[in-house]
Structure formats: structure tokens, C-alpha cells
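Colleague: Dropping a structure here in C-alpha cells format, bear with me for questions.
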Amino acid sequence: MFNSSKLFKILFYTSIIFMGILFIPSLLSKRSTRFAVRIWSKLIIFLLQRIIGVEIIFENKFINKNQGYLLAANHQSIFETIFFLKEFDKVIYIIKKELKLIPIYGWYASRLGNIFLDRRKRISSIKTLSKEIGSLIKKGYKIIIFPEGTRQKANTIGHIKPGLYVMLKEIENSVHPIYINSGNTWPKSGKIHKNEIIIKVLPSVKKTYEKIEFLNTIRDLLIKENEKYKKLK
């Protein structure tokens, strides 16, 4: 017998294969690829809400649809790698280069223009790519980085890697932290739960701080939100 979690997972992984193959012609252009991926991401979020019964609350007072930004989100789940594709048209993720090798996923991630980092050379890679990132922001792209470096357990905020500071220093921009509590709903393994997912865009942080202070400021903002929503459970 299938429960709602098993049913969703079957549909999720089936959709990657089926729609990934179906939309292969879209890979001819970046714009068509964005359109195809946005259809898929909307479907997945819809299924998450209808089959699992997840309530998604997106609190955004700072991000305009047609402007570019650097966004730094904490990372607990697959959810945040999908949600922003659905929410915004021009999205680029900064992700580990190993993901480029995954069949189907890697094809679309590459065509979208996602930025692949070598984690062994993280700082030098970011310095090289910073000018490109600045150009993309000016063109209206939302550049999304997970500055903890890897997925964290639910209700946990990891340490912020220094690559974010290097990037901000190079592009002379500000970053909006984004708090997400998806780990209680869609964990790395096991059952997907009927919970509330909060996505909250926080005020921008500028590079007026020294490195350690800057990184701690970002982490403290995320921890403050995390404590707030833990208390609501």
C-alpha cells in the first residue's frame, strides 16, 4: 500500500525522467530551458501541496520580480533547489561541480547557466566567477548560493563558508539572506511530512563588515529566524 509520501516520491522521480526526456528539444535555447524547468518545478510544488498537504508560506518584502540579486539561503532539503525555479523566471544556482555529471539533471542545470564550483578550490573558483555573477545580476538574474556548503539537519544553521564574503567583495554588491525550514518536511531520507514550510527573505547585508563579522552576521540572522519558527512548533 502506498502512503502519500511514497506516492509523491514516485511521481517526483518519474517526472524527472519523463519530463526531462520530453523537454530535451528545449535545450536548444536557454530561454526555452527556463520555461520547461519552470513548468516542472510548478508541477512538483503543486504535488507537494496536494498529495502531502504541505503549506508553503513565502514572505518576501525585498525581492522584485524583474531585478537581479544575490541570495544566500540556508540548505536543508531538495525543496529549495526547486522552489526558486518555480517562483522566479531567471534563476541561477551556484552548486558543486559533481552535479553536472548527473544524467538529465546535469543537462538542464548546465543549459540554465548554473555555476559549478570545485569545492577543493572554492575561493579561487569564486574569485574567477565573481565578475560573471555581477554581470548576471545586472541582467536580472537571481543568483542563489547555499553558503553553508552542504545540506544541514532540520532546525540547524551551519557555519557560513568564506566564499560568500569573497564573492560579495569582488562584485561590490549586497546579499539577501533567505531562511528556509524545509528540513522538517522533506528530509534527506525517510518520509516526507505534512508540515508548514517557511521561506523568508531577510533585509540585505552589505560588505561593510570585516570577513568574520560579515559571516557571523549572516549566520546570526538565520539563527534568529530559526529560533523564532522552532518556538512556533
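In the C-alpha cells, chains take the letters A, B, ... in the order shown, each chain's residues start at 1, and ligands count up from 1 in the order shown.
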Assign secondary structure with DSSP using the backbone only, and return the residues of segment 16-71 of chain A in strand (DSSP E) as an NGL selection string.
Modeller: :A and (55-59 or 69-71)
Colleague: So that I have them on file, write out the residues from the current selection with N, CA and C atoms, as a PDB file, in the first residue's frame.
Modeller:
ATOM      1  N   GLU A  55       1.883  23.135   3.494  1.00  0.00           N
ATOM      2  CA  GLU A  55       1.538  24.552   3.346  1.00  0.00           C
ATOM      3  C   GLU A  55       2.831  25.336   3.167  1.00  0.00           C
ATOM      4  N   ILE A  56       2.909  26.122   2.096  1.00  0.00           N
ATOM      5  CA  ILE A  56       4.115  26.888   1.792  1.00  0.00           C
ATOM      6  C   ILE A  56       3.831  28.376   1.991  1.00  0.00           C
ATOM      7  N   ILE A  57       4.635  29.004   2.823  1.00  0.00           N
ATOM      8  CA  ILE A  57       4.475  30.434   3.101  1.00  0.00           C
ATOM      9  C   ILE A  57       5.744  31.153   2.662  1.00  0.00           C
ATOM     10  N   PHE A  58       5.610  31.995   1.653  1.00  0.00           N
ATOM     11  CA  PHE A  58       6.755  32.741   1.120  1.00  0.00           C
ATOM     12  C   PHE A  58       6.616  34.192   1.540  1.00  0.00           C
ATOM     13  N   GLU A  59       7.496  34.635   2.440  1.00  0.00           N
ATOM     14  CA  GLU A  59       7.479  36.010   2.932  1.00  0.00           C
ATOM     15  C   GLU A  59       8.571  36.804   2.215  1.00  0.00           C
ATOM     16  N   TYR A  69      19.552  39.802  -8.069  1.00  0.00           N
ATOM     17  CA  TYR A  69      20.013  39.824  -6.686  1.00  0.00           C
ATOM     18  C   TYR A  69      20.965  38.651  -6.437  1.00  0.00           C
ATOM     19  N   LEU A  70      21.753  38.804  -5.404  1.00  0.00           N
ATOM     20  CA  LEU A  70      22.491  37.689  -4.842  1.00  0.00           C
ATOM     21  C   LEU A  70      21.727  37.239  -3.602  1.00  0.00           C
ATOM     22  N   LEU A  71      21.347  35.968  -3.562  1.00  0.00           N
ATOM     23  CA  LEU A  71      20.535  35.423  -2.481  1.00  0.00           C
ATOM     24  C   LEU A  71      21.279  34.278  -1.807  1.00  0.00           C
TER      25      LEU A  71
END
Colleague: Going by DSSP on the backbone, which bits of segment 129-188 of chain A are alpha helix (DSSP H)? Write them as number ranges by chain, please.
Modeller: A: 129-138, 163-171
Colleague: Have a look at A:Thr217, A:Ser5, A:Glu172, A:Phe18 and name the one nearest to Ser135 of chain A; count only C-alpha atoms.
Modeller: A:Glu172
Colleague: Have a look at A:Ser182, A:Ser15, A:Pro25, A:Pro187 and name the one nearest to Leu47 of chain A; count only C-alpha atoms.
Modeller: A:Ser15
Colleague: Residues at most 9 Å from segment 163-165 of chain A, counting only C-alpha atoms, excluding those fewer than 3 positions away in the same chain, as a list of chain:residue names?
Modeller: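 Once the adjacent positions are removed, what remains is A:Ala72, A:Arg122, A:Ile123, A:Ser124, A:Ile126, A:Lys127, A:Ile145, A:Pro147, A:Ile160, A:Leu168, A:Lys169, A:Glu170, A:Val175, A:Lys207, A:Glu210, A:Lys211, A:Ile212, A:Phe214, A:Leu215.
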Colleague: I'd like the neighbourhood of Asn155 of chain A as a CSV table (one decimal) with C-alpha atoms, in the first residue's frame, where a residue qualifies if any of its atoms comes within 8 Å (using only C-alpha atoms), though same-chain residues fewer than 4 positions away should be ignored.
Modeller:
chain,number,residue,atom,x,y,z
A,181,ASN,CA,12.8,25.5,7.4
A,183,GLY,CA,14.2,20.0,6.7
A,184,ASN,CA,11.2,19.1,8.9
A,226,ASN,CA,15.3,29.5,13.1
A,230,LYS,CA,11.2,26.4,16.2
Colleague: Could you check which of A:Met167, A:Asn74, A:Phe8, A:Lys30 is closest to Gly149 of chain A, using only C-alpha atoms?
Modeller: A:Asn74
Colleague: Quick one: of A:Lys86, A:Lys42, A:Lys65, A:Arg111, who's nearest to Leu28 of chain A, counting only C-alpha atoms?
Modeller: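 Answer, going by the shortest atom-to-atom distance: A:Arg111.
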Colleague: Do you know which residues are at most 8 Å from Leu85 of chain A counting only C-alpha atoms, after dropping those on the same chain fewer than 3 positions away, and could you put them as a list in words?
Modeller: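 Neighbouring residues, sequence-local ones excluded: Val37, Arg38, Ser41, Thr81, Ile82, Phe88, Asp89, Lys90 and Val91 of chain A.
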Colleague: Can you pull out the residues contacting Ile51 of chain A? Cut-off 12 Å, using only C-alpha atoms, and skip same-chain residues under 2 positions away; I want them as a PyMOL selection string.
Modeller: chain A and resi 2-12+43-49+53-55+192-194
Colleague: For Leu222 of chain A, please output as a PyMOL selection string all residues within 10 Å (counting only C-alpha atoms; exclusion window: fewer than 6 positions along the same chain).
Modeller: chain A and resi 73-74+156-158+177-180+200+202+216+228
Colleague: Figure out the distance between atom CA of Phe116 of chain A and atom CA of Pro103 of chain A, please, to one decimal in Å.
Modeller: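 These two atoms are separated by 15.3 Å.
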Colleague: Between atom CA of Glu132 of chain A and atom CA of Asn66 of chain A, what is the distance in Å, rounded to a tenth?
Modeller: 18.7 Å
Colleague: Measuring atom to atom with only C-alpha atoms, identify which of A:Leu22, A:Leu136, A:Ala36, A:Val205 is nearest to Ala109 of chain A.
Modeller: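 Among A:Leu22, A:Leu136, A:Ala36, A:Val205, it is A:Ala36 that comes nearest to Ala109 of chain A.
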Colleague: What gap, in Å, lies between atom CA of Phe62 of chain A and atom CA of Phe83 of chain A?
Modeller: 17.2 Å
Colleague: Between A:Tyr93, A:Tyr141, A:Phe79, A:Tyr229, which one has atoms that come closest to Ile115 of chain A, using only C-alpha atoms?
Modeller: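 Closest candidate: A:Tyr93.
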